[in-house]
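The structure file protein-v3.json is reproduced below (JSON, C-alpha atoms).
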[["chain", "number", "residue", "atom", "x", "y", "z"],
["I", 3, "MET", "CA", 22.40, 18.80, -28.56],
["I", 4, "LYS", "CA", 21.18, 21.45, -31.00],
["I", 5, "LEU", "CA", 17.78, 23.09, -30.79],
["I", 6, "LYS", "CA", 16.22, 24.97, -33.67],
["I", 7, "LEU", "CA", 15.30, 28.62, -33.21],
["I", 8, "GLN", "CA", 11.91, 29.84, -34.36],
["I", 9, "ASP", "CA", 13.29, 32.95, -36.12],
["I", 10, "LYS", "CA", 16.46, 31.41, -37.63],
["I", 11, "GLY", "CA", 19.54, 29.46, -36.66],
["I", 12, "SER", "CA", 20.05, 27.04, -33.78],
["I", 13, "VAL", "CA", 21.38, 26.98, -30.23],
["I", 14, "GLU", "CA", 23.63, 24.42, -28.57],
["I", 15, "VAL", "CA", 22.44, 23.14, -25.17],
["I", 16, "ALA", "CA", 23.56, 20.45, -22.74],
["I", 17, "GLU", "CA", 22.13, 16.97, -23.23],
["I", 18, "ALA", "CA", 22.02, 16.52, -19.44],
["I", 19, "ALA", "CA", 19.61, 19.44, -19.01],
["I", 20, "PHE", "CA", 17.33, 19.03, -22.04],
["I", 21, "GLY", "CA", 17.70, 15.39, -23.03],
["I", 22, "ALA", "CA", 16.51, 13.66, -19.87],
["I", 23, "LYS", "CA", 14.15, 10.67, -19.88],
["I", 24, "TYR", "CA", 10.47, 11.23, -19.18],
["I", 25, "ASN", "CA", 9.77, 10.20, -15.58],
["I", 26, "GLU", "CA", 6.01, 10.46, -15.12],
["I", 27, "ALA", "CA", 5.99, 9.18, -11.53],
["I", 28, "LEU", "CA", 8.58, 11.73, -10.42],
["I", 29, "ILE", "CA", 6.80, 14.62, -12.18],
["I", 30, "HIS", "CA", 3.51, 13.59, -10.57],
["I", 31, "GLN", "CA", 5.11, 13.47, -7.12],
["I", 32, "VAL", "CA", 6.79, 16.87, -7.48],
["I", 33, "VAL", "CA", 3.68, 18.57, -8.94],
["I", 34, "THR", "CA", 1.48, 17.08, -6.19],
["I", 35, "ALA", "CA", 3.94, 18.25, -3.52],
["I", 36, "TYR", "CA", 4.11, 21.73, -5.05],
["I", 37, "LEU", "CA", 0.32, 22.09, -5.12],
["I", 38, "ALA", "CA", 0.01, 20.67, -1.60],
["I", 39, "GLY", "CA", 2.54, 23.21, -0.33],
["I", 40, "SER", "CA", 0.39, 26.07, -1.61],
["I", 41, "ARG", "CA", -2.61, 24.99, 0.49],
["I", 42, "ALA", "CA", -3.34, 27.27, 3.45],
["I", 43, "GLY", "CA", -4.46, 24.54, 5.86],
["I", 44, "THR", "CA", -5.96, 27.15, 8.21],
["I", 45, "LYS", "CA", -9.43, 25.59, 8.62],
["I", 46, "ALA", "CA", -10.38, 25.31, 12.31],
["I", 47, "GLN", "CA", -13.47, 24.32, 14.30],
["I", 48, "LYS", "CA", -14.10, 24.03, 18.05],
["I", 49, "ASN", "CA", -14.53, 20.70, 19.81],
["I", 50, "ARG", "CA", -16.45, 20.37, 23.07],
["I", 51, "ALA", "CA", -13.36, 21.31, 25.08],
["I", 52, "ALA", "CA", -12.87, 24.58, 23.19],
["I", 53, "VAL", "CA", -16.47, 25.88, 23.30],
["I", 54, "ARG", "CA", -17.13, 28.44, 26.04],
["I", 55, "GLY", "CA", -19.36, 27.44, 28.98],
["I", 56, "GLY", "CA", -20.92, 24.12, 29.99],
["I", 57, "GLY", "CA", -19.00, 23.70, 33.23],
["I", 58, "ALA", "CA", -21.99, 22.70, 35.37],
["I", 59, "LYS", "CA", -24.20, 19.65, 34.90],
["I", 60, "PRO", "CA", -27.51, 21.05, 33.51],
["I", 61, "TRP", "CA", -29.79, 18.95, 35.75],
["I", 62, "ASN", "CA", -29.70, 15.98, 38.11],
["I", 63, "GLN", "CA", -28.76, 12.60, 36.73],
["I", 64, "LYS", "CA", -31.99, 10.99, 37.98],
["I", 65, "GLY", "CA", -35.52, 11.96, 38.83],
["I", 66, "THR", "CA", -36.29, 14.56, 36.19],
["I", 67, "GLY", "CA", -37.66, 12.24, 33.52],
["I", 68, "ARG", "CA", -35.31, 13.76, 30.99],
["I", 69, "ALA", "CA", -32.32, 12.18, 29.29],
["I", 70, "ARG", "CA", -28.97, 12.24, 31.04],
["I", 71, "ALA", "CA", -26.84, 15.32, 30.29],
["I", 72, "GLY", "CA", -23.42, 16.22, 31.60],
["I", 73, "THR", "CA", -22.81, 19.49, 29.75],
["I", 74, "ILE", "CA", -24.69, 21.92, 27.55],
["I", 75, "ARG", "CA", -21.68, 21.95, 25.19],
["I", 76, "SER", "CA", -22.16, 18.34, 24.08],
["I", 77, "PRO", "CA", -21.93, 17.86, 20.28],
["I", 78, "ILE", "CA", -25.62, 16.83, 20.17],
["I", 79, "TRP", "CA", -26.70, 20.15, 21.68],
["I", 80, "VAL", "CA", -27.28, 23.36, 19.72],
["I", 81, "GLY", "CA", -24.26, 25.55, 20.41],
["I", 82, "GLY", "CA", -22.17, 22.54, 21.39],
["I", 83, "GLY", "CA", -18.76, 21.58, 20.11],
["I", 84, "ARG", "CA", -18.05, 19.73, 16.86],
["I", 85, "THR", "CA", -17.57, 15.95, 17.19],
["I", 86, "PHE", "CA", -14.57, 15.66, 14.87],
["I", 87, "ALA", "CA", -13.44, 19.27, 14.76],
["I", 88, "ALA", "CA", -11.11, 20.29, 11.93],
["I", 89, "GLN", "CA", -7.78, 21.64, 13.15],
["I", 90, "PRO", "CA", -5.09, 23.69, 11.35],
["I", 91, "ARG", "CA", -2.71, 21.38, 9.50],
["I", 92, "ASN", "CA", 0.35, 21.53, 7.32],
["I", 93, "PHE", "CA", 0.04, 19.87, 3.90],
["I", 94, "ASP", "CA", 3.74, 20.16, 2.99],
["I", 95, "GLN", "CA", 5.35, 17.13, 1.38],
["I", 96, "LYS", "CA", 9.10, 16.70, 1.41],
["I", 97, "VAL", "CA", 10.81, 16.86, -1.98],
["I", 98, "ASN", "CA", 14.57, 17.24, -2.00],
["I", 99, "LYS", "CA", 16.47, 19.45, -4.48],
["I", 100, "LYS", "CA", 17.77, 16.52, -6.52],
["I", 101, "MET", "CA", 14.24, 15.22, -7.16],
["I", 102, "TYR", "CA", 12.90, 18.71, -7.92],
["I", 103, "ARG", "CA", 15.64, 19.45, -10.49],
["I", 104, "ALA", "CA", 15.24, 16.03, -12.07],
["I", 105, "ALA", "CA", 11.50, 16.67, -12.49],
["I", 106, "ILE", "CA", 12.16, 20.08, -14.12],
["I", 107, "ARG", "CA", 14.70, 18.45, -16.48],
["I", 108, "SER", "CA", 12.17, 15.74, -17.37],
["I", 109, "VAL", "CA", 9.39, 18.27, -18.08],
["I", 110, "LEU", "CA", 11.63, 20.49, -20.25],
["I", 111, "SER", "CA", 12.99, 17.52, -22.17],
["I", 112, "GLU", "CA", 9.47, 16.24, -22.87],
["I", 113, "LEU", "CA", 8.36, 19.70, -24.03],
["I", 114, "ILE", "CA", 11.19, 19.65, -26.58],
["I", 115, "ARG", "CA", 10.37, 16.10, -27.73],
["I", 116, "GLN", "CA", 6.71, 17.05, -28.24],
["I", 117, "ASP", "CA", 7.64, 20.27, -30.11],
["I", 118, "ARG", "CA", 5.90, 22.33, -27.45],
["I", 119, "MET", "CA", 8.91, 24.54, -26.72],
["I", 120, "VAL", "CA", 9.39, 27.51, -29.04],
["I", 121, "ILE", "CA", 12.82, 29.15, -28.80],
["I", 122, "VAL", "CA", 13.53, 32.70, -29.98],
["I", 123, "ASN", "CA", 16.62, 34.92, -29.76],
["I", 124, "GLU", "CA", 14.79, 37.57, -27.76],
["I", 125, "LEU", "CA", 11.32, 38.85, -26.99],
["I", 126, "THR", "CA", 11.21, 42.62, -26.60],
["I", 127, "LEU", "CA", 8.45, 45.16, -27.08],
["I", 128, "GLU", "CA", 8.79, 48.83, -28.01],
["I", 129, "ALA", "CA", 5.92, 49.71, -25.67],
["I", 130, "PRO", "CA", 3.75, 47.84, -23.15],
["I", 131, "LYS", "CA", 0.93, 47.35, -25.64],
["I", 132, "THR", "CA", -1.22, 44.23, -25.77],
["I", 133, "LYS", "CA", -1.67, 44.45, -29.55],
["I", 134, "LEU", "CA", 2.13, 44.40, -30.07],
["I", 135, "LEU", "CA", 2.52, 41.22, -28.05],
["I", 136, "ALA", "CA", -0.55, 39.66, -29.67],
["I", 137, "ALA", "CA", 0.94, 40.35, -33.09],
["I", 138, "LYS", "CA", 4.23, 38.66, -32.12],
["I", 139, "LEU", "CA", 2.45, 35.61, -30.75],
["I", 140, "LYS", "CA", 0.33, 35.38, -33.90],
["I", 141, "GLU", "CA", 3.54, 35.54, -35.95],
["I", 142, "TYR", "CA", 4.80, 32.47, -34.07],
["I", 143, "ASP", "CA", 1.33, 30.84, -34.31],
["I", 144, "LEU", "CA", 0.95, 30.70, -30.52],
["I", 145, "ASP", "CA", -2.31, 30.90, -28.60],
["I", 146, "ASN", "CA", -2.13, 29.08, -25.27],
["I", 147, "VAL", "CA", 1.45, 29.87, -24.24],
["I", 148, "LEU", "CA", 3.79, 30.54, -21.35],
["I", 149, "ILE", "CA", 6.40, 33.24, -22.02],
["I", 150, "LEU", "CA", 9.62, 32.35, -20.20],
["I", 151, "ASN", "CA", 12.11, 35.23, -19.92],
["I", 152, "GLU", "CA", 15.56, 35.44, -18.35],
["I", 153, "ALA", "CA", 14.36, 38.13, -15.94],
["I", 154, "PHE", "CA", 11.21, 40.12, -15.23],
["I", 155, "ASP", "CA", 10.30, 42.34, -18.20],
["I", 156, "GLU", "CA", 7.76, 45.00, -17.23],
["I", 157, "LYS", "CA", 6.72, 45.80, -20.81],
["I", 158, "VAL", "CA", 5.99, 42.17, -21.67],
["I", 159, "PHE", "CA", 4.24, 41.67, -18.33],
["I", 160, "LEU", "CA", 1.94, 44.68, -18.83],
["I", 161, "ALA", "CA", 1.24, 43.70, -22.45],
["I", 162, "ALA", "CA", 0.29, 40.12, -21.50],
["I", 163, "ARG", "CA", -2.05, 40.97, -18.61],
["I", 164, "ASN", "CA", -5.08, 41.33, -20.83],
["I", 165, "LEU", "CA", -4.43, 38.24, -22.97],
["I", 166, "SER", "CA", -6.26, 35.09, -21.94],
["I", 167, "ASN", "CA", -4.26, 31.85, -21.96],
["I", 168, "VAL", "CA", -0.95, 33.73, -21.92],
["I", 169, "GLY", "CA", 1.33, 33.40, -18.89],
["I", 170, "ILE", "CA", 4.49, 35.28, -17.95],
["I", 171, "CYS", "CA", 7.32, 33.79, -15.93],
["I", 172, "ASP", "CA", 11.04, 34.37, -15.39],
["I", 173, "VAL", "CA", 13.62, 31.65, -14.76],
["I", 174, "ALA", "CA", 13.89, 32.42, -11.03],
["I", 175, "SER", "CA", 10.17, 31.84, -10.42],
["I", 176, "MET", "CA", 9.78, 28.88, -12.81],
["I", 177, "ASP", "CA", 8.04, 25.83, -11.32],
["I", 178, "PRO", "CA", 6.81, 22.46, -12.67],
["I", 179, "VAL", "CA", 3.12, 23.42, -12.44],
["I", 180, "VAL", "CA", 3.42, 26.51, -14.65],
["I", 181, "LEU", "CA", 5.50, 24.56, -17.20],
["I", 182, "ILE", "CA", 2.83, 21.90, -17.76],
["I", 183, "ARG", "CA", -0.16, 24.25, -17.52],
["I", 184, "PHE", "CA", 0.13, 25.74, -21.03],
["I", 185, "ASP", "CA", 0.08, 24.10, -24.46],
["I", 186, "LYS", "CA", 3.39, 25.67, -25.48],
["I", 187, "VAL", "CA", 6.33, 27.48, -23.88],
["I", 188, "LEU", "CA", 7.99, 30.44, -25.59],
["I", 189, "VAL", "CA", 11.53, 30.77, -24.22],
["I", 190, "THR", "CA", 14.33, 33.18, -25.11],
["I", 191, "VAL", "CA", 17.92, 32.05, -25.68],
["I", 192, "PRO", "CA", 19.29, 33.90, -22.58],
["I", 193, "ALA", "CA", 16.60, 32.21, -20.46],
["I", 194, "LEU", "CA", 17.47, 28.83, -21.99],
["I", 195, "LYS", "CA", 21.14, 29.32, -21.15],
["I", 196, "LEU", "CA", 20.29, 30.33, -17.58],
["I", 197, "ILE", "CA", 18.11, 27.23, -17.17],
["I", 198, "GLU", "CA", 20.93, 25.08, -18.56],
["I", 199, "GLU", "CA", 23.37, 26.62, -16.07],
["I", 200, "ARG", "CA", 21.04, 25.87, -13.16],
["I", 201, "LEU", "CA", 20.14, 22.31, -14.17],
["I", 202, "SER", "CA", 23.49, 21.00, -15.48]]

The structure in this file should be written as structure tokens.
Amino acid sequence: MKLKLQDKGSVEVAEAAFGAKYNEALIHQVVTAYLAGSRAGTKAQKNRAAVRGGGAKPWNQKGTGRARAGTIRSPIWVGGGRTFAAQPRNFDQKVNKKMYRAAIRSVLSELIRQDRMVIVNELTLEAPKTKLLAAKLKEYDLDNVLILNEAFDEKVFLAARNLSNVGICDVASMDPVVLIRFDKVLVTVPALKLIEERLS
């Protein structure tokens, strides 16, 4: 299939990589799993067994006129343990490589169908200046955009740091969440070819 370039001309890409059907359920599953995997899960509280002290019975079972008590570390006591104490947990959800790649293909294909992917021959800057990058984005009529390069470009990265609603990503660190986060995706031809190679 042929995709039109923003500057001029067109580029030939594989139908298998950029012409996949939109699978909303799969994309939802992969995005949910990706976000779940980034959760720390390190919250922890102490139950009555983990709180220090409370080994001896505070007073006799009978004869004191007070309520029965077996330990000063009971959850109803100040300084006692938590009844249902939170423990560290792992939020990871299993997603195999085939599902992950299929979700990426589906997202990219839908971006193309919705005209949300802007393809250019290259995106280079003479200097790491925000105004230079802002001028280029204005030329392409882009505001909320993800810039997808073949590899990490320090000049583009430094120029984009101070622009709100502009993200920078290379093909190696591309994920489904960053692809759907922005209104449009600005991708270079070398990056497109590298994506095609990895997804075909």

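The residue set within 10 Å of I:Ser175, counting only C-alpha atoms and dropping same-chain residues fewer than 3 places from it, reads Leu150, Ala153, Phe154, Cys171, Asp172 and Val180 of chain I.
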
Using only C-alpha atoms, please write the residues we just selected to a file, as a PDB file, in the frame of the given file.
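Here's the written file result-v5.pdb:
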ATOM      1  CA  LEU I 150       9.620  32.350 -20.200  1.00  0.00           C
ATOM      2  CA  ALA I 153      14.360  38.130 -15.940  1.00  0.00           C
ATOM      3  CA  PHE I 154      11.210  40.120 -15.230  1.00  0.00           C
ATOM      4  CA  CYS I 171       7.320  33.790 -15.930  1.00  0.00           C
ATOM      5  CA  ASP I 172      11.040  34.370 -15.390  1.00  0.00           C
ATOM      6  CA  VAL I 180       3.420  26.510 -14.650  1.00  0.00           C
TER       7      VAL I 180
END

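In this structure, atom CA of I:Ser166 sits 11.4 Å away from atom CA of I:Phe184.
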
Please report, as a tab-separated table, each residue of stretch 70-177 of chain I lying at most 10 Å from stretch 12-17 of chain I, together with the nearest pair of atoms and the separation in Å rounded to one decimal; use all atoms listed in the file, and order rows by chain and ascending residue number.
residue	atom	partner	partner_atom	distance
I:Ser111	CA	I:Glu17	CA	9.2
I:Ile121	CA	I:Val13	CA	8.9
I:Val122	CA	I:Ser12	CA	9.4
I:Asn123	CA	I:Val13	CA	9.3

Restrict the selected residues to C-alpha atoms and save them as a short mmCIF file (atom, residue, chain, number, x, y, z; two decimals), in the frame of the given file.
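Wrote it out as out.cif, contents follow:
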data_model
loop_
_atom_site.label_atom_id
_atom_site.label_comp_id
_atom_site.auth_asym_id
_atom_site.auth_seq_id
_atom_site.Cartn_x
_atom_site.Cartn_y
_atom_site.Cartn_z
CA SER I 111 12.99 17.52 -22.17
CA ILE I 121 12.82 29.15 -28.80
CA VAL I 122 13.53 32.70 -29.98
CA ASN I 123 16.62 34.92 -29.76
#

With distances taken over all atoms listed in the file, the candidate from I:Val158, I:Ala52, I:Val80, I:Ala22 nearest I:Lys138 is I:Val158

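Closest approach to I:Arg118 from the set I:Val191, I:Ile74, I:Val147, I:Met101 is made by I:Val147, with distances taken over all atoms listed in the file.
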
Please return the centre and edge lengths, in Å to one decimal, of a box with edges along x, y and z that contains all listed atoms of stretch 50-60 of chain I, widened by 5 Å on every side, as AutoDock Vina command-line options.
--center_x -20.2 --center_y 24.0 --center_z 29.2 --size_x 24.6 --size_y 18.8 --size_z 22.3

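Among the candidates I:Ala162, I:Val33, I:Leu181, I:Ala193, the residue lying nearest to I:Val109 is I:Leu181 (atoms considered: only C-alpha atoms).
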
Would you kindly return, as JSON, numbers by chain, each protein, DNA or RNA residue with an atom no farther than 12 Å from any atom of I:Asn92, considering only C-alpha atoms and excluding same-chain residues fewer than 4 positions away?
-> {"I": [35, 38, 39, 40, 41, 42, 43, 44, 45, 96]}

Keeping C-alpha atoms, export the residues of the selection given above as a compact mmCIF listing (two decimals), in the coordinates of the input.
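Just written: out_37.txt:
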# COMPACT_ATOMS: atom_id res chain seq x y z
CA ALA I 35 3.94 18.25 -3.52
CA ALA I 38 0.01 20.67 -1.60
CA GLY I 39 2.54 23.21 -0.33
CA SER I 40 0.39 26.07 -1.61
CA ARG I 41 -2.61 24.99 0.49
CA ALA I 42 -3.34 27.27 3.45
CA GLY I 43 -4.46 24.54 5.86
CA THR I 44 -5.96 27.15 8.21
CA LYS I 45 -9.43 25.59 8.62
CA LYS I 96 9.10 16.70 1.41

Hey, what's within 12 Å of I:Pro130 if we count all atoms listed in the file and toss same-chain stuff fewer than 4 positions away? As a PDB file with C-alpha atoms, in the coordinates of the input, please?
ATOM      1  CA  THR I 126      11.210  42.620 -26.600  1.00  0.00           C
ATOM      2  CA  LEU I 134       2.130  44.400 -30.070  1.00  0.00           C
ATOM      3  CA  LEU I 135       2.520  41.220 -28.050  1.00  0.00           C
ATOM      4  CA  ALA I 136      -0.550  39.660 -29.670  1.00  0.00           C
ATOM      5  CA  ASP I 155      10.300  42.340 -18.200  1.00  0.00           C
ATOM      6  CA  GLU I 156       7.760  45.000 -17.230  1.00  0.00           C
ATOM      7  CA  LYS I 157       6.720  45.800 -20.810  1.00  0.00           C
ATOM      8  CA  VAL I 158       5.990  42.170 -21.670  1.00  0.00           C
ATOM      9  CA  PHE I 159       4.240  41.670 -18.330  1.00  0.00           C
ATOM     10  CA  LEU I 160       1.940  44.680 -18.830  1.00  0.00           C
ATOM     11  CA  ALA I 161       1.240  43.700 -22.450  1.00  0.00           C
ATOM     12  CA  ALA I 162       0.290  40.120 -21.500  1.00  0.00           C
ATOM     13  CA  ARG I 163      -2.050  40.970 -18.610  1.00  0.00           C
ATOM     14  CA  ASN I 164      -5.080  41.330 -20.830  1.00  0.00           C
TER      15      ASN I 164
END

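As for atom CA of I:Asn151 and atom CA of I:His30, they are spaced 25.1 Å apart.
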
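Rounded to one decimal, atom CA of I:Lys23 and atom CA of I:Ser108 lie 6.0 Å from each other.
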
From the set I:Gly72, I:Arg200, I:Gln47, I:Val120, which residue has the shortest atom-to-atom contact distance to I:Lys59, counting all atoms listed in the file?
-> I:Gly72

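Look at I:Asp145: the protein and nucleic acid residues within 8 Å of it, using only C-alpha atoms and passing over chain neighbours fewer than 4 places away, are I:Leu139, I:Lys140, I:Asn167, I:Val168.
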
What's the 8 Å shell around I:Ile106, counting only C-alpha atoms, without same-chain residues fewer than 3 positions away, as an MDAnalysis selection string?
-> chainID I and resid 29 102:103 109:110 177:178

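Across I:Glu152, I:Asp9, I:Asp94, I:Glu141, the tightest approach to I:Leu194 is made by I:Glu152 when counting all atoms listed in the file.
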
Top pick for closest residue to I:Leu165, considering I:Gly55, I:Ser76, I:Leu144, I:Arg183 and counting all atoms listed in the file | I:Leu144
